[in-house]
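Encoded as structure tokens, the structure appears first; notes follow it.
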Amino acid sequence: HEYLLGLRQVLDNFAKGDLSGDIRLRGVLAGRLKALQANLLHITWQIQQVAGGDFTQRVDFMGDFATAFNTMVKQLDASRKSLLQKEEELTRLTRTLQGEVAQKGRALAALKKSEASFRYMAEHDALTGVLNRRSFYDVAIMELKRSRVLEYWCGLIMLDIDNFKRFNDTYGHLEGDGALKHVTGVITTALRQGDIFA
């Protein structure tokens with residue numbers, strides 16, 4: 001009766017998942033329980049190895065359980081390899097995308113710089129760098145409207161270079177261009193911050 005109670009206690013422990021007990025019983029049944037305990041402890045260790053990333057673990061005992069365990073480990077290993085391949089592909093795609101984003105960023109910066117350059121060329125005189133006639137009209141109309149709304153005075157000064165045609169005809173267009181640049185430079189240094197020169 002005590003022997004059967006001891007066997008029952010061992011089996012109860014196994015059913016609860018407790019494999020740590022020391023089986024002190026003797027006999028054929030106790031021997032089979034000790035073998036089962038050793039097998040379960042070994043499988044527990046193998047499961048811990050698989051959980052740690054060792055997918056080489058295989059069980060060659062315990063029949064259907066061994067087949068199921070080995071199939072599970074093979075599937076886990078295949079899933080891991082597939083995930084690693086997908087991670088590598090994602091990493092490669094991410095790098096490619098980052099390269100494209102950087103390239104588009106550089107192209108956008110170049111485009112903005114080019115746009116600013118073209119806008120400047122469209123609004124300014126190529127020789128003197130001051131506003132051209134069309135830009136002057138746009139800015140002047142806006143300033144006149146603002147002065148009317150805010151009720152402040154707005155002045156307009158027109159300059160003419162005396163005998164400029166004769167200067168051009170006498171000294172040539174290159175010297176005439178130089179004279180225009182010089183006059184523009186002198187006027188520019190005399191302007192206030194809010195003044196418009198065209």
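To be explicit about the labels: the chains of the structure tokens are called A, B, and onward in the order shown, and within each one the residues are counted from 1, while ligands get numbers from 1 in the order they are shown.
Taking only C-alpha atoms, the non-local environment of Met72 (chain A) within 12 Å (same-chain residues fewer than 3 positions away omitted) comprises A:Ile47, A:Val50, A:Ala51, A:Phe55, A:Thr56, A:Gln57, A:Arg58, A:Val59, A:Phe65, A:Ala66, A:Thr67, A:Ala68, A:Phe69, A:Gln75, A:Leu76, A:Asp77, A:Ala78, A:Ser79.
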Using only C-alpha atoms, which protein or nucleic acid residues come within 12 Å of His182 (chain A)? Drop anything in the same chain fewer than 4 positions from it, and give the result as a compact mmCIF listing (two decimals) with N, CA, C and O atoms, in the first residue's frame.
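File written: part39.txt
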```txt
# COMPACT_ATOMS: atom_id res chain seq x y z
N LEU A 127 22.57 93.20 -66.03
CA LEU A 127 23.80 94.00 -65.99
C LEU A 127 24.03 94.63 -64.61
O LEU A 127 25.12 94.51 -64.04
N THR A 128 23.02 95.27 -64.06
CA THR A 128 23.21 96.06 -62.83
C THR A 128 22.78 95.35 -61.56
O THR A 128 23.20 95.72 -60.47
N GLY A 129 21.92 94.34 -61.69
CA GLY A 129 21.46 93.61 -60.52
C GLY A 129 20.31 94.26 -59.79
O GLY A 129 19.83 93.73 -58.79
N ILE A 161 20.69 109.60 -67.01
CA ILE A 161 22.12 109.91 -67.15
C ILE A 161 22.27 110.81 -68.38
O ILE A 161 21.95 110.39 -69.50
N GLU A 175 32.04 100.20 -72.33
CA GLU A 175 32.26 101.33 -71.42
C GLU A 175 30.92 101.87 -70.92
O GLU A 175 30.79 102.28 -69.77
N GLY A 176 29.91 101.84 -71.79
CA GLY A 176 28.57 102.27 -71.39
C GLY A 176 28.04 101.37 -70.28
O GLY A 176 27.44 101.85 -69.30
N ASP A 177 28.26 100.06 -70.42
CA ASP A 177 27.85 99.13 -69.38
C ASP A 177 28.57 99.43 -68.06
O ASP A 177 27.96 99.41 -66.99
N GLY A 178 29.86 99.73 -68.18
CA GLY A 178 30.63 100.07 -66.98
C GLY A 178 30.09 101.32 -66.31
O GLY A 178 30.01 101.40 -65.08
N VAL A 186 26.84 103.67 -57.04
CA VAL A 186 26.80 104.91 -56.25
C VAL A 186 25.42 105.09 -55.63
O VAL A 186 25.28 105.41 -54.45
N ILE A 187 24.38 104.88 -56.42
CA ILE A 187 23.01 105.05 -55.91
C ILE A 187 22.70 104.01 -54.84
O ILE A 187 22.12 104.32 -53.80
N THR A 188 23.11 102.78 -55.07
CA THR A 188 22.82 101.69 -54.12
C THR A 188 23.40 101.99 -52.75
O THR A 188 22.77 101.73 -51.72
N THR A 189 24.60 102.58 -52.70
CA THR A 189 25.20 102.88 -51.39
C THR A 189 24.45 103.98 -50.66
O THR A 189 24.56 104.10 -49.44
```
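Of the listed residues (A:Tyr171, A:Lys113, A:Arg148, A:Leu7), A:Leu7 comes nearest to Gly31 (chain A); the distances count only C-alpha atoms.
Minimum distance to Leu159 (chain A) across A:Gly185, A:Ala198, A:Gly172, A:Ala122 (counting only C-alpha atoms) occurs at A:Ala198.
Distance check against Glu2 (chain A) using only C-alpha atoms: of A:Leu25, A:Thr170, A:Asp64, A:Phe14, the minimum falls on A:Leu25.
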Coordinates-based distance that separates CA of Asn70 (chain A) from CA of Ala38 (chain A) (Å, one decimal) = 18.5 Å
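Residues lying within 12 Å of Ser20 (chain A), counting only C-alpha atoms and ignoring same-chain neighbours fewer than 4 positions away, are A:Val10, A:Asn13, A:Phe14, A:Lys16, A:Lys34, A:Gln37, A:Ala38, A:Leu40, A:Leu41, A:Thr44.
Residue nearest Glu143 (chain A), chosen from A:Gly21, A:Gly27, A:Gly194, A:Gly63 and counting only C-alpha atoms: A:Gly194.
Counting from CA of Asp160 (chain A), the distance to CA of Asn132 (chain A) is 15.8 Å.
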Long-range neighbours of Ile196 (chain A) as an mmCIF file with N, CA and C atoms, in the first residue's frame, 10 Å cut-off, only C-alpha atoms, 4 positions minimum in chain:
```cif
data_model
loop_
_atom_site.group_PDB
_atom_site.id
_atom_site.type_symbol
_atom_site.label_atom_id
_atom_site.label_comp_id
_atom_site.auth_asym_id
_atom_site.auth_seq_id
_atom_site.Cartn_x
_atom_site.Cartn_y
_atom_site.Cartn_z
ATOM 1 N N VAL A 130 19.822 95.413 -60.259
ATOM 2 C CA VAL A 130 18.670 96.063 -59.614
ATOM 3 C C VAL A 130 17.396 95.498 -60.242
ATOM 4 N N LEU A 131 16.248 95.782 -59.618
ATOM 5 C CA LEU A 131 14.977 95.289 -60.134
ATOM 6 C C LEU A 131 14.769 95.724 -61.582
ATOM 7 N N PHE A 136 9.707 96.214 -60.928
ATOM 8 C CA PHE A 136 9.496 97.541 -60.341
ATOM 9 C C PHE A 136 8.012 97.890 -60.329
ATOM 10 N N VAL A 139 6.219 95.892 -57.547
ATOM 11 C CA VAL A 139 6.563 96.379 -56.200
ATOM 12 C C VAL A 139 6.004 97.781 -55.978
ATOM 13 N N ALA A 140 6.097 98.644 -56.996
ATOM 14 C CA ALA A 140 5.619 100.023 -56.849
ATOM 15 C C ALA A 140 4.115 100.056 -56.619
ATOM 16 N N GLU A 143 3.437 99.002 -53.077
ATOM 17 C CA GLU A 143 3.826 100.036 -52.113
ATOM 18 C C GLU A 143 2.846 101.213 -52.130
ATOM 19 N N LEU A 156 8.803 109.070 -55.209
ATOM 20 C CA LEU A 156 9.306 108.417 -56.408
ATOM 21 C C LEU A 156 10.322 109.352 -57.058
ATOM 22 N N THR A 188 23.114 102.781 -55.071
ATOM 23 C CA THR A 188 22.825 101.694 -54.124
ATOM 24 C C THR A 188 23.404 101.994 -52.748
ATOM 25 N N LEU A 191 21.076 104.300 -50.678
ATOM 26 C CA LEU A 191 19.703 103.897 -50.382
ATOM 27 C C LEU A 191 19.533 103.494 -48.913
ATOM 28 N N ARG A 192 18.317 103.726 -48.417
ATOM 29 C CA ARG A 192 17.949 103.245 -47.088
ATOM 30 C C ARG A 192 17.449 101.806 -47.216
#
```
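CA of Leu11 (chain A) lies 14.8 Å from CA of Arg26 (chain A).
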Those in region 101-190 of chain A with helix (DSSP H, G or I) from DSSP, as a VMD selection string = chain A and resid 101 to 123 133 to 150 164 to 171 173 to 190
Resulting file, chosen residues, C-alpha atoms, as a PDB file, in the first residue's frame:
```pdb
ATOM      1  CA  VAL A 101      15.136  59.933 -50.225  1.00  0.00           C
ATOM      2  CA  ALA A 102      18.591  61.482 -49.859  1.00  0.00           C
ATOM      3  CA  GLN A 103      18.922  61.745 -53.642  1.00  0.00           C
ATOM      4  CA  LYS A 104      15.499  63.354 -53.933  1.00  0.00           C
ATOM      5  CA  GLY A 105      16.402  65.703 -51.091  1.00  0.00           C
ATOM      6  CA  ARG A 106      19.547  66.773 -52.938  1.00  0.00           C
ATOM      7  CA  ALA A 107      17.558  67.171 -56.169  1.00  0.00           C
ATOM      8  CA  LEU A 108      14.916  69.218 -54.344  1.00  0.00           C
ATOM      9  CA  ALA A 109      17.579  71.449 -52.779  1.00  0.00           C
ATOM     10  CA  ALA A 110      19.191  71.934 -56.200  1.00  0.00           C
ATOM     11  CA  LEU A 111      15.781  72.657 -57.699  1.00  0.00           C
ATOM     12  CA  LYS A 112      15.009  75.251 -55.010  1.00  0.00           C
ATOM     13  CA  LYS A 113      18.402  76.854 -55.560  1.00  0.00           C
ATOM     14  CA  SER A 114      17.842  76.853 -59.302  1.00  0.00           C
ATOM     15  CA  GLU A 115      14.314  78.224 -58.855  1.00  0.00           C
ATOM     16  CA  ALA A 116      15.640  81.019 -56.639  1.00  0.00           C
ATOM     17  CA  SER A 117      18.317  81.777 -59.219  1.00  0.00           C
ATOM     18  CA  PHE A 118      15.782  81.883 -62.066  1.00  0.00           C
ATOM     19  CA  ARG A 119      13.408  83.999 -59.995  1.00  0.00           C
ATOM     20  CA  TYR A 120      16.257  86.435 -59.283  1.00  0.00           C
ATOM     21  CA  MET A 121      17.151  86.551 -62.989  1.00  0.00           C
ATOM     22  CA  ALA A 122      13.495  87.100 -63.928  1.00  0.00           C
ATOM     23  CA  GLU A 123      13.105  89.976 -61.446  1.00  0.00           C
ATOM     24  CA  ARG A 133      10.938  97.211 -65.121  1.00  0.00           C
ATOM     25  CA  ARG A 134       8.274  94.507 -64.639  1.00  0.00           C
ATOM     26  CA  SER A 135       9.361  93.803 -61.031  1.00  0.00           C
ATOM     27  CA  PHE A 136       9.496  97.541 -60.341  1.00  0.00           C
ATOM     28  CA  TYR A 137       5.889  97.961 -61.480  1.00  0.00           C
ATOM     29  CA  ASP A 138       4.742  95.064 -59.273  1.00  0.00           C
ATOM     30  CA  VAL A 139       6.563  96.379 -56.200  1.00  0.00           C
ATOM     31  CA  ALA A 140       5.619 100.023 -56.849  1.00  0.00           C
ATOM     32  CA  ILE A 141       1.898  99.243 -57.179  1.00  0.00           C
ATOM     33  CA  MET A 142       2.007  97.221 -53.962  1.00  0.00           C
ATOM     34  CA  GLU A 143       3.826 100.036 -52.113  1.00  0.00           C
ATOM     35  CA  LEU A 144       1.440 102.696 -53.406  1.00  0.00           C
ATOM     36  CA  LYS A 145      -1.570 100.653 -52.234  1.00  0.00           C
ATOM     37  CA  ARG A 146       0.058 100.091 -48.846  1.00  0.00           C
ATOM     38  CA  SER A 147       0.863 103.796 -48.442  1.00  0.00           C
ATOM     39  CA  ARG A 148      -2.761 104.653 -49.225  1.00  0.00           C
ATOM     40  CA  VAL A 149      -4.125 102.096 -46.689  1.00  0.00           C
ATOM     41  CA  LEU A 150      -1.624 102.991 -43.951  1.00  0.00           C
ATOM     42  CA  PHE A 164      24.446 108.618 -72.134  1.00  0.00           C
ATOM     43  CA  LYS A 165      23.765 107.827 -75.802  1.00  0.00           C
ATOM     44  CA  ARG A 166      26.641 110.021 -76.883  1.00  0.00           C
ATOM     45  CA  PHE A 167      28.875 108.333 -74.241  1.00  0.00           C
ATOM     46  CA  ASN A 168      27.903 104.912 -75.606  1.00  0.00           C
ATOM     47  CA  ASP A 169      28.493 105.985 -79.203  1.00  0.00           C
ATOM     48  CA  THR A 170      31.845 107.568 -78.342  1.00  0.00           C
ATOM     49  CA  TYR A 171      33.344 104.961 -75.992  1.00  0.00           C
ATOM     50  CA  HIS A 173      28.833  99.665 -75.272  1.00  0.00           C
ATOM     51  CA  LEU A 174      31.290  97.967 -72.891  1.00  0.00           C
ATOM     52  CA  GLU A 175      32.261 101.333 -71.424  1.00  0.00           C
ATOM     53  CA  GLY A 176      28.573 102.273 -71.389  1.00  0.00           C
ATOM     54  CA  ASP A 177      27.845  99.130 -69.376  1.00  0.00           C
ATOM     55  CA  GLY A 178      30.631 100.069 -66.980  1.00  0.00           C
ATOM     56  CA  ALA A 179      29.144 103.552 -66.583  1.00  0.00           C
ATOM     57  CA  LEU A 180      25.693 102.077 -65.804  1.00  0.00           C
ATOM     58  CA  LYS A 181      27.225  99.729 -63.196  1.00  0.00           C
ATOM     59  CA  HIS A 182      29.121 102.644 -61.619  1.00  0.00           C
ATOM     60  CA  VAL A 183      26.026 104.854 -61.387  1.00  0.00           C
ATOM     61  CA  THR A 184      24.016 101.950 -59.978  1.00  0.00           C
ATOM     62  CA  GLY A 185      26.716 101.259 -57.370  1.00  0.00           C
ATOM     63  CA  VAL A 186      26.801 104.906 -56.249  1.00  0.00           C
ATOM     64  CA  ILE A 187      23.009 105.049 -55.914  1.00  0.00           C
ATOM     65  CA  THR A 188      22.825 101.694 -54.124  1.00  0.00           C
ATOM     66  CA  THR A 189      25.201 102.881 -51.394  1.00  0.00           C
ATOM     67  CA  ALA A 190      22.952 105.892 -50.749  1.00  0.00           C
TER      68      ALA A 190
END
```
